[in-house]
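Participant: Sharing run_36.pdb (PDB, C-alpha atoms) below.
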```
MODEL        1
ATOM      1  CA  MET A   3     120.354 119.935  83.835
ATOM      2  CA  ALA A   4     117.645 118.608  86.109
ATOM      3  CA  SER A   5     115.993 120.935  88.587
ATOM      4  CA  GLU A   6     114.221 120.319  91.869
ATOM      5  CA  LEU A   7     111.452 122.223  93.603
ATOM      6  CA  ARG A   8     111.152 121.720  97.378
ATOM      7  CA  VAL A   9     108.019 122.904  99.137
ATOM      8  CA  ASN A  10     106.014 121.846 102.186
ATOM      9  CA  THR A  11     102.631 123.259 101.194
ATOM     10  CA  LEU A  12     100.832 124.040  97.943
ATOM     11  CA  LYS A  13      98.317 126.911  97.652
ATOM     12  CA  ASP A  14      96.126 128.204  94.856
ATOM     13  CA  ALA A  15      96.998 131.401  92.956
ATOM     14  CA  SER A  16      95.233 133.625  95.501
ATOM     15  CA  GLY A  17      97.119 132.058  98.438
ATOM     16  CA  ASN A  18      94.144 130.028  99.674
ATOM     17  CA  ASN A  19      93.214 126.334  99.755
ATOM     18  CA  SER A  20      96.518 125.004 101.036
ATOM     19  CA  ILE A  21      97.423 121.331 101.018
ATOM     20  CA  ALA A  22     100.511 119.524 102.290
ATOM     21  CA  THR A  23     102.616 117.921  99.561
ATOM     22  CA  SER A  24     102.560 114.673 101.577
ATOM     23  CA  THR A  25      98.776 114.557 101.072
ATOM     24  CA  VAL A  26      99.197 114.996  97.333
ATOM     25  CA  ALA A  27     101.831 112.248  97.120
ATOM     26  CA  SER A  28      99.849 109.814  99.289
ATOM     27  CA  GLY A  29      96.545 110.415  97.541
ATOM     28  CA  THR A  30      97.593 109.897  93.936
ATOM     29  CA  ILE A  31      96.889 106.747  91.952
ATOM     30  CA  LYS A  32      99.972 104.537  91.890
ATOM     31  CA  ALA A  33      98.734 102.233  89.117
ATOM     32  CA  TYR A  34      95.771 101.971  86.747
ATOM     33  CA  VAL A  35      94.707  99.665  83.959
ATOM     34  CA  CYS A  36      91.824  99.417  81.478
ATOM     35  CA  TYR A  37      91.390  95.843  80.281
ATOM     36  CA  THR A  38      89.136  93.229  78.697
ATOM     37  CA  THR A  39      88.485  89.616  79.634
ATOM     38  CA  SER A  40      85.840  88.771  77.001
ATOM     39  CA  SER A  41      87.514  86.926  74.104
ATOM     40  CA  THR A  42      91.046  87.477  75.377
ATOM     41  CA  THR A  43      92.585  88.999  78.489
ATOM     42  CA  ALA A  44      94.422  92.143  77.409
ATOM     43  CA  ILE A  45      95.067  95.795  78.202
ATOM     44  CA  HIS A  46      92.976  98.208  76.072
ATOM     45  CA  GLY A  47      95.565  99.945  73.890
ATOM     46  CA  SER A  48      98.106 101.761  76.040
ATOM     47  CA  GLU A  49      95.681 102.333  78.915
ATOM     48  CA  SER A  50      97.983 101.188  81.692
ATOM     49  CA  PHE A  51     100.292 102.809  84.220
ATOM     50  CA  ASN A  52     102.736 100.880  86.449
ATOM     51  CA  HIS A  53     101.637  97.462  85.193
ATOM     52  CA  SER A  54     104.149  95.065  83.674
ATOM     53  CA  SER A  55     101.681  92.250  82.905
ATOM     54  CA  LEU A  56      98.257  90.739  83.423
ATOM     55  CA  ASN A  57      97.335  87.050  83.308
ATOM     56  CA  ASP A  58      94.075  85.187  82.829
ATOM     57  CA  GLU A  59      93.714  82.980  85.922
ATOM     58  CA  GLY A  60      90.320  81.558  84.877
ATOM     59  CA  THR A  61      86.808  82.818  84.133
ATOM     60  CA  GLY A  62      86.415  86.175  85.857
ATOM     61  CA  GLN A  63      89.912  86.085  87.416
ATOM     62  CA  THR A  64      92.739  88.361  86.291
ATOM     63  CA  LYS A  65      96.104  88.669  88.041
ATOM     64  CA  PHE A  66      98.082  91.905  87.656
ATOM     65  CA  THR A  67     101.796  92.504  88.153
ATOM     66  CA  MET A  68     102.979  96.056  88.825
ATOM     67  CA  ALA A  69     106.327  97.377  87.594
ATOM     68  CA  SER A  70     107.010  99.357  90.795
ATOM     69  CA  PRO A  71     106.128  97.611  94.071
ATOM     70  CA  MET A  72     103.908  98.958  96.801
ATOM     71  CA  SER A  73     105.383  99.469 100.290
ATOM     72  CA  ALA A  74     103.188  96.713 101.777
ATOM     73  CA  ALA A  75     101.339  93.603 100.644
ATOM     74  CA  LYS A  76      97.931  95.218 101.361
ATOM     75  CA  PHE A  77      96.796  98.372  99.561
ATOM     76  CA  SER A  78      93.637 100.041  98.292
ATOM     77  CA  LEU A  79      92.060  98.768  95.056
ATOM     78  CA  SER A  80      88.998  99.660  93.037
ATOM     79  CA  ASP A  81      87.524  98.165  89.873
ATOM     80  CA  SER A  82      84.725  99.273  87.592
ATOM     81  CA  GLY A  83      83.127  98.134  84.347
ATOM     82  CA  GLY A  84      81.538  94.869  83.322
ATOM     83  CA  ASP A  85      78.388  93.897  81.483
ATOM     84  CA  ALA A  86      75.486  96.131  82.528
ATOM     85  CA  GLY A  87      72.923  93.688  81.114
ATOM     86  CA  ALA A  88      74.073  90.870  83.412
ATOM     87  CA  GLY A  89      74.794  92.937  86.510
ATOM     88  CA  TYR A  90      78.305  93.295  87.803
ATOM     89  CA  ALA A  91      80.377  92.588  90.886
ATOM     90  CA  SER A  92      84.107  92.631  91.594
ATOM     91  CA  TRP A  93      85.978  91.371  94.618
ATOM     92  CA  VAL A  94      89.427  90.455  95.901
ATOM     93  CA  GLN A  95      90.501  87.869  98.429
ATOM     94  CA  GLU A  96      93.082  88.450 101.147
ATOM     95  CA  ASP A  97      95.471  85.792  99.806
ATOM     96  CA  GLU A  98      95.565  87.384  96.332
ATOM     97  CA  PHE A  99      97.903  90.272  97.292
ATOM     98  CA  SER A 100     101.644  90.825  97.384
ATOM     99  CA  SER A 101     103.578  94.088  97.139
ATOM    100  CA  THR A 102     103.750  93.636  93.336
ATOM    101  CA  THR A 103     100.631  91.610  92.436
ATOM    102  CA  TYR A 104      96.875  91.590  92.958
ATOM    103  CA  GLU A 105      93.933  89.755  91.432
ATOM    104  CA  PHE A 106      90.445  90.963  90.576
ATOM    105  CA  ASN A 107      87.592  88.471  90.598
ATOM    106  CA  LEU A 108      84.736  89.537  88.357
ATOM    107  CA  GLY A 109      81.208  88.256  88.148
ATOM    108  CA  ASN A 110      77.553  89.073  87.907
ATOM    109  CA  SER A 111      75.462  90.480  90.720
ATOM    110  CA  SER A 112      75.059  86.947  92.159
ATOM    111  CA  PHE A 113      78.879  86.606  92.300
ATOM    112  CA  ASN A 114      78.949  83.965  89.568
ATOM    113  CA  SER A 115      82.266  84.385  87.736
ATOM    114  CA  GLN A 116      82.088  85.999  84.322
ATOM    115  CA  ASP A 117      84.370  87.754  81.864
ATOM    116  CA  GLY A 118      83.545  91.112  80.288
ATOM    117  CA  ASN A 119      84.427  93.615  77.584
ATOM    118  CA  TYR A 120      85.639  96.497  79.742
ATOM    119  CA  HIS A 121      87.079  96.861  83.227
ATOM    120  CA  ALA A 122      89.209  99.545  84.827
ATOM    121  CA  GLY A 123      91.264  99.064  87.975
ATOM    122  CA  GLN A 124      93.126 101.539  90.180
ATOM    123  CA  VAL A 125      95.683 101.126  92.984
ATOM    124  CA  ILE A 126      96.171 103.682  95.767
ATOM    125  CA  GLY A 127      98.751 103.464  98.548
ATOM    126  CA  ASP A 128     102.443 104.046  99.138
ATOM    127  CA  LEU A 129     105.103 102.882  96.716
ATOM    128  CA  ALA A 130     108.141 101.140  98.185
TER     129      ALA A 130
ENDMDL
END
```
Could you take the file, read its structure, and then write that structure out as structure tokens?
Facilitator:
Amino acid sequence: MASELRVNTLKDASGNNSIATSTVASGTIKAYVCYTTSSTTAIHGSESFNHSSLNDEGTGQTKFTMASPMSAAKFSLSDSGGDAGAGYASWVQEDEFSSTTYEFNLGNSSFNSQDGNYHAGQVIGDLA
């Protein structure tokens, strides 16, 4: 039998440091992925949450499809990783979003497209 816990506010064990449950729900990561684009474009092992696929769209360009859609076509993204020896930059363009997809563009510090061994991306926002 499933159970349900309904609360408005969470507090620590001593009754301090309260936070609204809406803040917890809104502030959690809705999707993450650790991936490579060096010799192939692939997820590192099972290091993915709420992603159904990723596609190589060209040098330094990877398109991601999420299993559960976001509530809007614009949401918060971050990316990290790359090749420290060559510098690193990541960026997105406004036309690369939908409620279920986004694309990271990766390159060196001069914004010349490049692939790399390790990247990690996170999505924050509201699910539909």
Participant: Using all atoms listed in the file for the distances, tell me which of A:Ser28, A:Ser20, A:Ser82, A:Ser101 is nearest to Asn119 (chain A).
Facilitator: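 Nearest to Asn119 (chain A): A:Ser82.
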Participant: I want to know what sits within 12 Å of Asp81 (chain A), based on all atoms listed in the file, with residues of the same chain fewer than 3 positions away left out; could you give that as a list in words?
Facilitator: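 Within the cut-off, the hits are Ala33, Tyr34, Val35, Cys36, Tyr37, Thr64, Ser78, Gly84, Tyr90, Ala91, Ser92, Trp93, Val94, Tyr104, Glu105, Phe106, Asn107, Leu108, Gly109, Tyr120, His121, Ala122, Gly123, Gln124, Val125 and Ile126 of chain A.
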Participant: Env of Asn57 (chain A): 8 Å cut, atoms = all atoms listed in the file, seq-sep filter 2 positions within chain, self excluded. Answer as a VMD selection string.
Facilitator: chain A and resid 43 55 59 64 to 66
Participant: Given the choices A:Thr61, A:Ser50, A:Asp128, A:Ala75, which gets closest to Phe113 (chain A) if the distance is worked out from only C-alpha atoms?
Facilitator: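 That would be A:Thr61, the residue with the smallest distance to Phe113 (chain A).
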Participant: So how far away is CA of Glu49 (chain A) from CA of Met72 (chain A), in Å?
Facilitator: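 So the two atoms, CA of Met72 (chain A) and CA of Glu49 (chain A), lie 20.0 Å apart.
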Participant: Using all atoms listed in the file for the distances, tell me which of A:Leu56, A:Gly17, A:Asp117, A:Glu6 is nearest to Thr39 (chain A).
Facilitator: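 Ranked by minimum distance to Thr39 (chain A), first place goes to A:Asp117.
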Participant: Please rebuild region 90-112 of chain A with N, CA and C atoms and give the result as a compact mmCIF listing (two decimals), in the frame of the given file.
Facilitator:
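Once everything was written out, this is selection_29.txt:
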```txt
# COMPACT_ATOMS: atom_id res chain seq x y z
N TYR A 90 76.86 93.28 87.70
CA TYR A 90 78.31 93.30 87.80
C TYR A 90 78.74 93.32 89.25
N ALA A 91 79.76 92.58 89.56
CA ALA A 91 80.38 92.59 90.89
C ALA A 91 81.86 92.35 90.71
N SER A 92 82.67 92.93 91.58
CA SER A 92 84.11 92.63 91.59
C SER A 92 84.53 92.46 93.04
N TRP A 93 85.51 91.61 93.26
CA TRP A 93 85.98 91.37 94.62
C TRP A 93 87.41 90.87 94.58
N VAL A 94 88.08 90.99 95.71
CA VAL A 94 89.43 90.46 95.90
C VAL A 94 89.39 89.58 97.15
N GLN A 95 90.36 88.69 97.25
CA GLN A 95 90.50 87.87 98.43
C GLN A 95 91.84 88.18 99.08
N GLU A 96 91.89 88.06 100.39
CA GLU A 96 93.08 88.45 101.15
C GLU A 96 94.36 87.77 100.66
N ASP A 97 94.28 86.52 100.23
CA ASP A 97 95.47 85.79 99.81
C ASP A 97 95.89 86.08 98.37
N GLU A 98 95.26 87.05 97.72
CA GLU A 98 95.56 87.38 96.33
C GLU A 98 96.47 88.60 96.20
N PHE A 99 97.06 89.08 97.30
CA PHE A 99 97.90 90.27 97.29
C PHE A 99 99.37 89.94 97.55
N SER A 100 100.25 90.71 96.96
CA SER A 100 101.64 90.82 97.38
C SER A 100 102.01 92.28 97.12
N SER A 101 103.22 92.69 97.38
CA SER A 101 103.58 94.09 97.14
C SER A 101 103.63 94.42 95.65
N THR A 102 103.67 93.39 94.78
CA THR A 102 103.75 93.64 93.34
C THR A 102 102.59 93.05 92.54
N THR A 103 101.72 92.23 93.18
CA THR A 103 100.63 91.61 92.44
C THR A 103 99.30 91.74 93.18
N TYR A 104 98.23 91.67 92.42
CA TYR A 104 96.88 91.59 92.96
C TYR A 104 96.00 90.91 91.92
N GLU A 105 94.84 90.43 92.34
CA GLU A 105 93.93 89.76 91.43
C GLU A 105 92.51 90.26 91.64
N PHE A 106 91.86 90.62 90.54
CA PHE A 106 90.44 90.96 90.58
C PHE A 106 89.64 89.73 90.19
N ASN A 107 88.58 89.49 90.94
CA ASN A 107 87.59 88.47 90.60
C ASN A 107 86.36 89.21 90.12
N LEU A 108 85.85 88.84 88.96
CA LEU A 108 84.74 89.54 88.36
C LEU A 108 83.58 88.59 88.15
N GLY A 109 82.38 89.09 88.34
CA GLY A 109 81.21 88.26 88.15
C GLY A 109 79.95 89.08 88.03
N ASN A 110 78.83 88.38 87.98
CA ASN A 110 77.55 89.07 87.91
C ASN A 110 77.10 89.43 89.32
N SER A 111 75.93 90.00 89.42
CA SER A 111 75.46 90.48 90.72
C SER A 111 75.22 89.35 91.72
N SER A 112 75.18 88.10 91.26
CA SER A 112 75.06 86.95 92.16
C SER A 112 76.43 86.35 92.48
```
